[in-house]
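Peer 1: Input: one structure, supplied below.
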Amino acid sequence: AKAEKADEKNTMDSGKKEVTVEDIRAVLAQKSQDGRTKEIKTLLGKFGAVKLSAVEPEDYPALLQEAQVL
C-alpha cells in the first residue's frame, strides 16, 4: 500500500509546472533586494554553483524551495 501511495504522489508531482531558471531568478532578485545577497551566495554554493546559470536544472525545484524560505 505504501508503494502505491508513493507512485500516486509521484504522478501528482509530475503534473506540477516545471521550475524554470526565470522562476528562481525572480525569487533570488527579490531576496537580493531585501539584503540577502550573502545568503543567496551560500545557497548557490550548496548546489555547487557560484552563479544561478551554473546550477543543474534537476536542482531547480530544491533551489527554489530553499530560496523562498531565505
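Letters for chains follow the order of the C-alpha cells (A, B, ...), residue numbers begin at 1 for each chain, and ligand numbers begin at 1 in the order shown.
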Which neighbours of Leu28 in chain A fall inside 9 Å, counting only C-alpha atoms, when residues of the same chain fewer than 4 positions from it are skipped, and could you give them as a VMD selection string?
Peer 2: chain A and resid 23 to 24 32 to 33 36 to 37 40 64 67 to 68
Peer 1: Can you list, as a PyMOL selection string, every protein, DNA or RNA residue that comes within 9 Å of Tyr60 in chain A when you count only C-alpha atoms, leaving out same-chain residues fewer than 6 positions away?
Peer 2: chain A and resi 18-21+24
Peer 1: Would you pick out the contacts of Lys51 in chain A at 10 Å or less, using only C-alpha atoms, so that residues sharing its chain but fewer than 5 positions from it are not included, and give the list as a list in words?
Peer 2: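 Counting only C-alpha atoms, the residues come to Ile40, Lys41, Leu44 and Gly45 of chain A.
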Peer 1: Could you name the residues that touch Glu56 in chain A at 10 Å or less, counting only C-alpha atoms, but leaving out those on the same chain fewer than 5 positions away, as an MDAnalysis selection string?
Peer 2: chainID A and resid 21 47:49 63
Peer 1: Go ahead and write the residues just picked, C-alpha atoms, as a PDB file, in the first residue's frame.
Peer 2:
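Below you can see out.pdb, which holds the result:
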ATOM      1  CA  VAL A  21      15.560  29.424 -14.137  1.00  0.00           C
ATOM      2  CA  PHE A  47      24.297  23.396  -5.045  1.00  0.00           C
ATOM      3  CA  GLY A  48      27.913  23.573  -6.251  1.00  0.00           C
ATOM      4  CA  ALA A  49      27.481  26.820  -8.151  1.00  0.00           C
ATOM      5  CA  LEU A  63      16.823  25.521  -5.004  1.00  0.00           C
TER       6      LEU A  63
END
